[in-house]
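Text of structure_22.txt (compact mmCIF, C-alpha atoms) as supplied:
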# COMPACT_ATOMS: atom_id res chain seq x y z
CA MET A 6 -65.89 55.17 -35.58
CA LYS A 7 -63.64 54.13 -38.41
CA ILE A 8 -64.78 50.94 -40.13
CA ARG A 9 -62.00 48.33 -40.00
CA ASN A 10 -62.28 45.73 -42.69
CA ASP A 11 -59.41 43.38 -42.14
CA CYS A 12 -57.39 41.69 -39.50
CA ARG A 13 -54.34 43.84 -40.06
CA GLU A 14 -56.15 46.99 -39.00
CA TRP A 15 -57.51 45.35 -35.87
CA ARG A 16 -54.18 43.73 -35.17
CA GLU A 17 -52.41 47.05 -35.17
CA LEU A 18 -54.52 48.04 -32.18
CA LEU A 19 -53.38 45.07 -30.14
CA GLY A 20 -50.36 46.90 -28.71
CA ALA A 21 -52.41 49.74 -27.27
CA TYR A 22 -54.97 47.18 -26.09
CA ALA A 23 -52.33 45.05 -24.35
CA LEU A 24 -51.11 48.18 -22.55
CA GLY A 25 -54.68 48.98 -21.43
CA HIS A 26 -54.84 52.13 -23.54
CA LEU A 27 -57.86 51.44 -25.74
CA GLN A 28 -61.16 52.98 -24.72
CA GLY A 29 -64.80 53.05 -25.73
CA ASP A 30 -65.94 51.92 -29.13
CA GLU A 31 -62.46 51.09 -30.33
CA ARG A 32 -61.93 48.75 -27.42
CA ALA A 33 -65.38 47.18 -27.78
CA GLY A 34 -64.87 46.75 -31.52
CA LEU A 35 -61.51 45.06 -31.04
CA GLU A 36 -62.90 42.75 -28.36
CA ALA A 37 -65.72 41.75 -30.69
CA HIS A 38 -63.16 41.02 -33.39
CA LEU A 39 -61.03 39.01 -30.98
CA ASP A 40 -64.07 36.86 -30.14
CA GLY A 41 -64.17 35.69 -33.70
CA CYS A 42 -60.49 35.73 -34.68
CA GLY A 43 -58.15 33.08 -33.35
CA ARG A 44 -55.08 34.55 -35.05
CA CYS A 45 -55.57 37.92 -33.37
CA ARG A 46 -56.15 36.22 -30.02
CA GLU A 47 -52.86 34.37 -30.51
CA GLU A 48 -51.11 37.57 -31.43
CA LEU A 49 -52.48 39.28 -28.33
CA ALA A 50 -51.35 36.36 -26.19
CA SER A 51 -47.80 36.77 -27.52
CA LEU A 52 -47.74 40.48 -26.61
CA GLN A 53 -49.20 40.22 -23.12
CA PRO A 54 -46.07 38.80 -21.43
CA VAL A 55 -44.05 41.67 -22.89
CA ALA A 56 -46.62 44.19 -21.64
CA LEU A 57 -46.39 42.61 -18.17
CA MET A 58 -42.59 43.03 -18.16
CA LEU A 59 -42.64 46.74 -19.00
CA PRO A 60 -43.37 47.98 -15.46
CA HIS A 61 -40.10 46.43 -14.23
CA ALA A 62 -37.96 48.62 -16.47
CA ASP A 63 -36.72 52.10 -15.73
CA PRO A 64 -37.09 54.36 -18.80
CA ALA A 65 -34.20 56.47 -17.53
CA ARG A 66 -32.01 53.49 -18.42
CA PHE A 67 -33.04 53.18 -22.06
CA GLY A 68 -30.03 55.20 -23.17
CA PRO A 69 -26.65 53.75 -24.15
CA ALA A 70 -25.71 50.77 -22.02
CA PRO A 71 -22.77 51.16 -19.63
CA GLN A 72 -19.66 49.58 -21.10
CA PRO A 73 -16.95 47.77 -19.18
CA PRO A 74 -13.63 49.62 -19.13
CA PRO A 75 -11.16 48.39 -21.77
CA GLU A 76 -8.67 47.22 -19.15
CA LEU A 77 -11.18 44.82 -17.60
CA GLY A 78 -10.60 42.32 -20.40
CA GLN A 79 -6.87 42.48 -19.78
CA ARG A 80 -7.41 41.98 -16.06
CA VAL A 81 -9.56 38.91 -16.71
CA ALA A 82 -6.93 37.48 -19.06
CA ALA A 83 -4.11 38.18 -16.59
CA THR A 84 -6.03 36.64 -13.67
CA ILE A 85 -6.73 33.47 -15.61
CA ALA A 86 -3.16 33.25 -16.91
CA ALA A 87 -1.83 33.60 -13.35
CA GLU A 88 -4.23 30.97 -12.07
CA ARG A 89 -3.26 28.60 -14.87
CA GLU A 90 0.43 29.06 -14.06
CA ARG A 91 -0.22 28.38 -10.38
CA GLY A 92 -2.16 25.27 -11.34
CA GLU A 93 0.64 23.98 -13.56
CA LYS A 94 3.19 24.63 -10.85
CA HIS A 95 0.99 22.82 -8.37
CA ARG A 96 0.63 19.85 -10.70
CA ARG A 97 4.41 19.72 -11.15
CA ARG A 98 4.81 19.63 -7.41
CA ARG A 99 2.32 16.83 -7.13
CA LEU A 100 4.69 14.63 -9.07
CA PHE A 101 6.82 14.51 -5.98
CA GLY A 102 4.05 12.97 -3.90
CA GLY A 103 1.64 14.01 -1.21
CA PHE A 104 0.85 13.70 2.44
CA ALA A 105 -1.68 14.69 5.01
CA LEU A 106 -1.75 17.71 7.21
CA GLY A 107 -3.00 15.68 10.14
CA GLY A 108 -0.03 16.30 12.36
CA VAL A 109 0.35 20.00 11.86
CA THR A 110 -0.22 21.57 15.23
CA ALA A 111 -3.10 23.95 15.72
CA ALA A 112 -0.64 26.51 17.01
CA ALA A 113 1.40 26.42 13.82
CA VAL A 114 -1.74 26.80 11.72
CA ALA A 115 -2.94 29.64 13.93
CA ALA A 116 0.41 31.37 13.65
CA VAL A 117 0.33 31.19 9.87
CA LEU A 118 -3.27 32.37 9.76
CA LEU A 119 -2.58 35.29 12.07
CA LEU A 120 0.29 36.39 9.92
CA PHE A 121 -1.87 36.02 6.85
CA VAL A 122 -4.83 37.92 8.25
CA PHE A 123 -3.00 40.74 9.87
CA GLY A 124 -0.60 41.30 7.01
CA GLY A 125 2.30 43.48 7.95
CA GLY A 126 5.17 41.08 7.59
CA GLY A 127 3.00 38.45 5.95
CA GLY A 128 3.96 39.12 2.34
CA THR A 129 6.77 37.31 0.59
CA THR A 130 10.02 39.21 0.52
CA GLY A 131 11.87 37.50 -2.30
CA PRO A 132 11.90 34.60 -4.75
CA GLU A 133 10.99 31.14 -3.50
CA GLN A 134 13.48 28.29 -3.56
CA GLN A 135 12.98 24.71 -4.62
CA VAL A 136 14.80 22.24 -2.41
CA ARG A 137 15.63 18.77 -3.68
CA PHE A 138 16.25 15.73 -1.55
CA ALA A 139 18.45 13.51 -3.70
CA ASP A 140 19.74 9.96 -3.20
CA LEU A 141 16.57 8.92 -1.43
CA PRO A 142 15.73 5.25 -0.84
CA ALA A 143 13.73 3.64 -3.62
CA GLY A 144 10.06 4.59 -3.47
CA ILE A 145 10.53 7.60 -1.23
CA LYS A 146 10.20 11.10 -2.63
CA ILE A 147 10.64 14.31 -0.71
CA ASP A 148 10.51 17.81 -2.05
CA ALA A 149 10.18 21.25 -0.48
CA THR A 150 9.60 24.80 -1.60
CA LEU A 151 10.73 27.64 0.64
CA GLN A 152 9.23 31.12 0.50
CA PRO A 153 10.87 34.04 2.30
CA HIS A 154 8.67 36.20 4.55
CA ALA A 155 9.38 38.98 6.99
CA TYR A 156 8.45 36.59 9.80
CA GLY A 157 10.79 33.86 8.58
CA THR A 158 10.29 31.10 6.05
CA GLU A 159 7.20 29.35 4.74
CA ILE A 160 7.80 25.69 3.86
CA HIS A 161 5.68 23.62 1.48
CA MET A 162 6.53 19.96 2.03
CA TYR A 163 5.91 17.10 -0.38
CA VAL A 164 6.53 13.57 0.85
CA HIS A 165 5.66 10.26 -0.70
CA GLY A 166 6.48 6.65 -0.03
CA VAL A 167 6.97 6.41 3.74
CA PRO A 168 4.48 4.26 5.70
CA SER A 169 1.02 5.78 5.99
CA GLY A 170 0.55 7.55 9.31
CA THR A 171 4.23 8.44 9.63
CA LEU A 172 4.77 11.49 11.78
CA CYS A 173 7.22 13.83 10.06
CA ARG A 174 9.09 16.55 11.94
CA VAL A 175 10.65 19.41 10.04
CA TRP A 176 13.40 21.86 11.00
CA LEU A 177 15.38 24.49 9.20
CA ARG A 178 19.09 24.55 9.97
CA GLY A 179 20.86 27.90 10.35
CA PRO A 180 24.43 28.87 9.41
CA ASN A 181 25.79 27.91 12.84
CA GLY A 182 24.14 24.50 12.75
CA ALA A 183 21.29 25.46 15.11
CA SER A 184 17.90 23.94 14.24
CA TYR A 185 14.70 26.00 14.07
CA PRO A 186 11.48 23.95 14.34
CA ALA A 187 9.06 24.29 11.44
CA GLY A 188 6.32 21.97 12.66
CA THR A 189 5.04 18.48 12.10
CA PHE A 190 2.69 16.69 9.76
CA ARG A 191 1.51 13.16 9.23
CA TYR A 192 1.88 11.43 5.90
CA ARG A 193 -1.13 9.47 4.67
CA TRP A 194 -1.33 7.20 1.69
CA GLY A 195 -3.51 8.56 -1.07
CA ASP A 196 -3.58 12.12 0.22
CA ASP A 197 -2.51 14.46 -2.51
CA SER A 198 -2.38 17.63 -0.44
CA ASP A 199 0.73 19.43 0.67
CA ALA A 200 1.73 20.56 4.14
CA VAL A 201 2.36 24.23 4.73
CA LEU A 202 4.73 24.86 7.63
CA SER A 203 6.65 27.86 8.86
CA SER A 204 9.80 28.66 10.75
CA ALA A 205 11.21 31.84 12.27
CA LEU A 206 14.56 31.36 10.51
CA ASP A 207 15.08 33.71 7.55
CA LEU A 208 15.43 31.94 4.25
CA SER A 209 18.64 33.88 3.56
CA ARG A 210 20.16 32.26 6.67
CA THR A 211 18.74 28.81 6.05
CA ARG A 212 21.39 26.25 5.15
CA ALA A 213 19.38 23.04 5.15
CA VAL A 214 15.93 21.51 5.48
CA VAL A 215 15.74 18.57 7.86
CA VAL A 216 12.90 16.06 7.75
CA ASP A 217 12.69 13.38 10.42
CA THR A 218 10.31 10.54 9.58
CA GLY A 219 10.90 8.70 12.86
CA LYS A 220 13.08 6.01 11.37
CA ARG A 221 15.24 8.23 9.20
CA THR A 222 16.31 11.80 8.97
CA PHE A 223 16.69 13.41 5.59
CA VAL A 224 18.65 16.59 5.05
CA ALA A 225 18.71 18.72 1.92
CA PRO A 226 21.03 21.71 1.47
CA VAL A 227 19.61 25.16 0.81
CA ASN A 228 21.40 27.97 -1.04
CA SER A 229 23.98 25.48 -2.22
CA PRO A 230 24.54 23.54 -5.44
CA VAL A 231 25.93 20.60 -3.43
CA ALA A 232 23.97 17.39 -3.77
CA ALA A 233 21.61 16.43 -0.99
CA VAL A 234 22.97 14.74 2.07
CA GLN A 235 21.13 11.90 3.65
CA ILE A 236 21.92 10.92 7.19
CA ASP A 237 20.86 7.55 8.42
CA ASN A 238 20.62 7.91 12.15
CA LYS A 239 18.12 5.22 12.90
CA GLU A 240 17.75 1.62 12.02
CA GLU A 241 15.98 0.65 8.85
CA ALA A 242 12.45 -0.59 9.40
CA THR A 243 11.99 -4.26 8.86
CA MET B 13 -24.45 32.49 -30.97
CA ILE B 14 -21.60 30.32 -29.85
CA PRO B 15 -18.26 30.72 -31.61
CA GLU B 16 -17.08 27.49 -33.23
CA THR B 17 -14.14 27.31 -30.87
CA LEU B 18 -16.46 27.30 -27.89
CA LYS B 19 -18.30 24.22 -29.00
CA ARG B 20 -17.23 21.01 -27.41
CA GLY B 21 -14.75 19.28 -29.63
CA ASN B 22 -12.32 16.44 -29.23
CA SER B 23 -10.22 18.17 -26.62
CA ALA B 24 -9.84 16.43 -23.30
CA ARG B 25 -10.90 19.54 -21.43
CA GLY B 26 -14.13 21.49 -21.80
CA ALA B 27 -15.18 24.19 -24.13
CA LEU B 28 -13.96 27.13 -22.09
CA SER B 29 -10.74 25.63 -20.89
CA ARG B 30 -8.43 27.51 -23.22
CA GLU B 31 -7.58 31.11 -22.58
CA ARG B 32 -8.30 31.96 -26.20
CA ASP B 33 -11.84 30.65 -25.73
CA VAL B 34 -12.28 32.86 -22.69
CA ARG B 35 -11.08 35.87 -24.66
CA GLU B 36 -13.65 35.15 -27.37
CA ALA B 37 -16.38 34.63 -24.80
CA TYR B 38 -15.37 37.89 -23.14
CA ALA B 39 -15.50 39.77 -26.44
CA ALA B 40 -18.95 38.37 -27.18
CA HIS B 41 -20.65 38.70 -23.81
CA SER B 42 -18.81 41.01 -21.42
CA GLY B 43 -20.88 44.04 -22.42
CA GLU B 44 -24.18 42.42 -21.54
CA LEU B 45 -22.82 40.82 -18.39
CA TYR B 46 -21.38 44.12 -17.25
CA GLY B 47 -24.66 45.91 -18.01
CA PHE B 48 -26.60 43.46 -15.88
CA ALA B 49 -23.98 43.58 -13.11
CA VAL B 50 -24.19 47.38 -12.97
CA ARG B 51 -27.99 47.16 -13.00
CA SER B 52 -28.15 44.69 -10.14
CA LEU B 53 -25.24 45.92 -8.00
CA GLY B 54 -25.68 49.64 -8.61
CA ASP B 55 -21.93 50.16 -8.57
CA SER B 56 -19.51 50.08 -11.50
CA GLY B 57 -16.54 48.95 -9.39
CA LEU B 58 -18.47 45.99 -7.97
CA ALA B 59 -19.78 45.24 -11.45
CA GLU B 60 -16.22 44.99 -12.80
CA GLU B 61 -15.36 42.67 -9.93
CA ALA B 62 -18.44 40.55 -10.70
CA VAL B 63 -17.65 40.25 -14.41
CA GLN B 64 -14.03 39.34 -13.71
CA GLU B 65 -15.08 36.69 -11.20
CA THR B 66 -17.66 35.34 -13.65
CA PHE B 67 -15.07 34.69 -16.35
CA VAL B 68 -12.59 33.23 -13.88
CA ARG B 69 -15.24 30.85 -12.54
CA ALA B 70 -16.30 30.01 -16.10
CA TRP B 71 -12.71 29.18 -16.97
CA ARG B 72 -12.29 26.99 -13.89
CA ALA B 73 -15.52 25.17 -14.67
CA GLY B 74 -14.98 25.11 -18.45
CA ASP B 75 -15.31 21.34 -18.45
CA ARG B 76 -18.88 21.57 -17.27
CA PHE B 77 -20.14 23.83 -20.03
CA ASP B 78 -22.17 21.83 -22.52
CA PRO B 79 -23.60 23.74 -25.49
CA LYS B 80 -26.11 20.92 -25.97
CA ILE B 81 -27.79 21.99 -22.75
CA GLY B 82 -27.79 25.75 -23.21
CA SER B 83 -25.97 28.64 -24.77
CA LEU B 84 -22.71 29.98 -23.49
CA ARG B 85 -24.47 33.27 -22.84
CA THR B 86 -27.08 31.60 -20.63
CA TRP B 87 -24.37 29.72 -18.76
CA LEU B 88 -22.35 32.89 -18.15
CA PHE B 89 -25.44 34.70 -16.91
CA ALA B 90 -26.14 31.84 -14.50
CA ILE B 91 -22.60 32.17 -13.14
CA LEU B 92 -22.88 35.95 -12.92
CA ARG B 93 -26.13 35.59 -11.02
CA ASN B 94 -24.37 33.52 -8.36
CA VAL B 95 -21.45 35.95 -8.27
CA VAL B 96 -23.82 38.87 -7.74
CA ILE B 97 -25.53 36.99 -4.91
CA ASP B 98 -22.14 36.30 -3.31
CA LEU B 99 -21.09 39.93 -3.67
CA GLY B 100 -24.41 41.05 -2.26
CA ARG B 101 -23.92 38.83 0.77
CA ALA B 102 -20.38 40.08 1.24
CA ARG B 103 -21.56 43.65 0.98
CA SER B 104 -24.41 43.10 3.42
CA VAL B 105 -21.89 42.28 6.14
CA ARG B 106 -19.90 45.40 5.26
CA PRO B 107 -22.51 48.15 5.64
CA GLY B 108 -21.59 51.46 4.14
CA VAL B 109 -19.87 50.00 1.11
CA ALA B 110 -22.96 50.20 -1.06
CA GLU B 111 -23.42 53.44 -2.94
CA GLY B 112 -27.13 53.90 -2.59
CA GLY B 113 -27.97 50.67 -4.42
CA VAL B 114 -30.48 48.18 -3.15
CA GLU B 115 -28.83 45.27 -1.42
CA PRO B 116 -29.24 42.36 -3.79
CA SER B 117 -30.78 39.11 -2.70
CA VAL B 118 -32.41 36.37 -4.70
CA GLU B 119 -35.80 38.05 -5.20
CA PRO B 120 -34.61 41.54 -6.10
CA LEU B 121 -32.01 39.94 -8.32
CA ASP B 122 -34.67 38.25 -10.42
CA GLU B 123 -36.48 41.57 -10.67
CA ALA B 124 -33.23 43.24 -11.67
CA LEU B 125 -32.74 40.63 -14.37
CA THR B 126 -36.22 41.25 -15.77
CA ALA B 127 -35.66 45.01 -15.63
CA TRP B 128 -32.30 44.72 -17.33
CA GLN B 129 -33.74 42.46 -20.05
CA VAL B 130 -36.48 44.96 -20.89
CA GLU B 131 -34.08 47.90 -20.79
CA GLU B 132 -31.60 46.09 -23.02
CA ALA B 133 -34.39 45.09 -25.41
CA MET B 134 -35.62 48.71 -25.49
CA ARG B 135 -32.15 49.81 -26.53
CA ARG B 136 -32.18 47.36 -29.41
CA ILE B 137 -35.52 48.20 -31.02
CA GLY B 138 -35.97 51.11 -33.44
CA ASN B 139 -36.10 54.69 -32.21
CA ASP B 140 -39.64 55.26 -33.52
CA HIS B 141 -40.96 52.22 -31.68
CA ARG B 142 -39.15 53.01 -28.46
CA ARG B 143 -40.30 56.62 -28.56
CA VAL B 144 -44.03 55.86 -28.73
CA ILE B 145 -43.80 53.24 -25.97
CA VAL B 146 -41.93 55.67 -23.73
CA GLU B 147 -44.34 58.52 -24.40
CA THR B 148 -47.60 56.60 -24.14
CA TYR B 149 -46.73 53.95 -21.57
CA TYR B 150 -44.00 55.32 -19.32
CA ARG B 151 -45.02 58.99 -19.50
CA GLY B 152 -48.73 58.24 -19.78
CA ARG B 153 -49.31 60.85 -22.49
CA PRO B 154 -52.48 60.75 -24.64
CA TYR B 155 -52.02 59.19 -28.08
CA ALA B 156 -53.43 62.30 -29.77
CA GLU B 157 -50.86 64.51 -28.09
CA VAL B 158 -47.98 62.21 -29.04
CA ALA B 159 -49.31 61.99 -32.60
CA GLU B 160 -49.42 65.76 -32.90
CA GLU B 161 -45.93 66.14 -31.54
CA LEU B 162 -44.60 63.54 -33.98
CA GLY B 163 -46.65 64.92 -36.90
CA VAL B 164 -48.29 61.56 -37.62
CA PRO B 165 -51.89 60.29 -37.42
CA GLU B 166 -53.00 58.85 -34.08
CA GLY B 167 -53.50 55.49 -35.78
CA THR B 168 -49.79 55.48 -36.65
CA VAL B 169 -48.88 55.95 -33.02
CA LYS B 170 -51.06 52.95 -32.13
CA SER B 171 -49.57 50.81 -34.88
CA ARG B 172 -46.05 51.80 -33.76
CA VAL B 173 -46.92 50.72 -30.24
CA TYR B 174 -48.03 47.36 -31.67
CA TYR B 175 -44.93 46.87 -33.84
CA GLY B 176 -42.77 48.11 -30.97
CA LEU B 177 -44.14 45.43 -28.63
CA ARG B 178 -43.62 42.82 -31.34
CA ALA B 179 -40.04 43.98 -31.80
CA LEU B 180 -39.50 43.79 -28.04
CA ARG B 181 -40.88 40.27 -28.05
CA VAL B 182 -38.47 39.21 -30.81
CA VAL B 183 -35.47 40.81 -29.10
CA LEU B 184 -36.36 39.27 -25.73
CA GLU B 185 -36.59 35.86 -27.37
CA GLU B 186 -33.18 36.40 -28.95
CA MET B 187 -31.88 37.23 -25.50
CA GLY B 188 -33.14 33.91 -24.22
CA TYR B 189 -36.34 35.07 -22.55
CA GLU B 190 -39.07 32.45 -22.36
CA ASP B 191 -42.64 32.84 -21.09
Represent the structure from my file as C-alpha cells, please.
Amino acid sequence: MKIRNDCREWRELLGAYALGHLQGDERAGLEAHLDGCGRCREELASLQPVALMLPHADPARFGPAPQPPPELGQRVAATIAAERERGEKHRRRRLFGGFALGGVTAAAVAAVLLLFVFGGGGGTTGPEQQVRFADLPAGIKIDATLQPHAYGTEIHMYVHGVPSGTLCRVWLRGPNGASYPAGTFRYRWGDDSDAVLSSALDLSRTRAVVVDTGKRTFVAPVNSPVAAVQIDNKEEAT
Amino acid sequence: MIPETLKRGNSARGALSRERDVREAYAAHSGELYGFAVRSLGDSGLAEEAVQETFVRAWRAGDRFDPKIGSLRTWLFAILRNVVIDLGRARSVRPGVAEGGVEPSVEPLDEALTAWQVEEAMRRIGNDHRRVIVETYYRGRPYAEVAEELGVPEGTVKSRVYYGLRALRVVLEEMGYED
C-alpha cells in the first residue's frame, strides 16, 4: 500500500469513499485518518449530500440542455402586453362606476356560458362599441360596451350612483323600435364589478341601449354620433 | 444574480411589474425553467406552456416579489413548480395527452427537481470530472479500467472523482441547493 503522508493525499480519496468505491487497505487507511482529522471529516460531510443526490439523476440527460424555442420569449411578451392592455381598459371602464351582478338571471348566465363553452357562434364578429349615456343626473354614471357575436350582442354595463339595491333592466332597441331584452342586474354600493348581459339583437341592427332603473329610464344611441337621449318616464324619487 | 432593474426600487409597483423587467428575467432564467419543465413534464409543448404561464403569473404577482427574501430565480422556480402541478392535474383528467411521461404530482415533482438539479450541475462541471463520475459511478466500471482507457494513473481517476464531487457541490450551491 502506498504510504500517504499528508491530508491532501487522503482527501483526494474522499470522493471515491463517499461513493462507496474504496476497498480493503485503502478504505481502512482512510478511515483511520478520518478518525484523527477533523478537516477531512468536514470535507467528507460536505460531499456526502452530493453523493446521495447522484442516484436521482439520469446520465442520459447530461448532454446539452433542451432550449426553449426562440419564439417562446415573444409569446410571453405578447401575452403580458395583451393582459396589460386589457387591465388598463378595465381600469378605464371602472371610472364609470360599478354594480353588482345580483339580479342577473341564472338563465341569462347559463345562456352566455353555453355559448362560451360550445363555441360555434360564440366568438366576436367585429369591433366592440362604447356607448355613452350623456346628460345624466348629477352623481349618476352609466356606461356600456357592446360586443358583436354571431348569437347577438354582448353587453358590459357600468352603473354608478343610483340607490344601492336598485334593480336595473336592460334592453337593446332595434331599427323598427322593437325592444330586445338583455337581462337584469342589481346595483350595489361599493361593488366594483361589471355586469355582463346578452341580447339576441345583432349589434349592427342595434339603435339604442335602454336601461330602466325603476324610477327612470335612460336611453343611449348606438351607431350614431347624436348625443344621448334621456327619457324621464317616472317620477323623481324623493 | 438579480439584474439591478429587478431589485425593488422606489416604484409604486413591484420589481417585476414592468414588461422590460420580465424580458430581462426571461433572458436570465427561461433556459433553466424550461429545462426543469421538460424534465418534470416529459413534453416540450407542455413545458413551453408551463414557462409561459410562469412568467405571466410572475408579472401579475410582481408586487409580491421581494429580493430581500429570496432570489428572483428561486421565486420563479416556486411559481413554475405550482404551474407544473396544475398542468399535471389538468393532464391527469385528460388521459392520453401525456407522451409517455410520468404524471407529475407533488412527490415525483420534488424528485424531478432533484434530478434536474444534478443533471444541470453535471452539465456545468468540467468534462474530465463528469467523465470519471459517469464511468465509475453510473456505469460502475473499475477505476483501473477507466484509468487505462484515459491513459492516467488510477490515483488520478480517484482524485478527479473527488474534485468532481466538490465541483458539483459548488455548482449546486450556486443553483440555490441547500442541505
Q. Could you list, as a ChimeraX atom specification, every residue of chain A that has an atom within 9 Å of an atom of chain B, counting only C-alpha atoms?
A. /A:14,16-24,26,51-52,54-56,58-64,66-74,77-78,80-82,84-86,88
message: Set the distance at 6 Å and use only C-alpha atoms: which residues neighbour Gly170 of chain A once local chain neighbours fewer than 6 positions away are removed? I'd like the list as number ranges by chain.
response: A: 191-193
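Picture a line from atom CA of Gly166 of chain A to atom CA of Arg221 of chain A; it runs 12.8 Å.
Here atom CA of Asn181 of chain A is placed at a distance of 27.7 Å from atom CA of Lys146 of chain A.
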Expressed in Å, the length from atom CA of Ala205 of chain A to atom CA of Thr222 of chain A is 20.9 Å
Identify, on the basis of all atoms listed in the file, every residue whose closest approach to Ala187 of chain A does not exceed 8 Å; exclude the query and any residue fewer than 5 positions from it along the same chain; express the result as number ranges by chain. A: 160, 174-177, 202-205
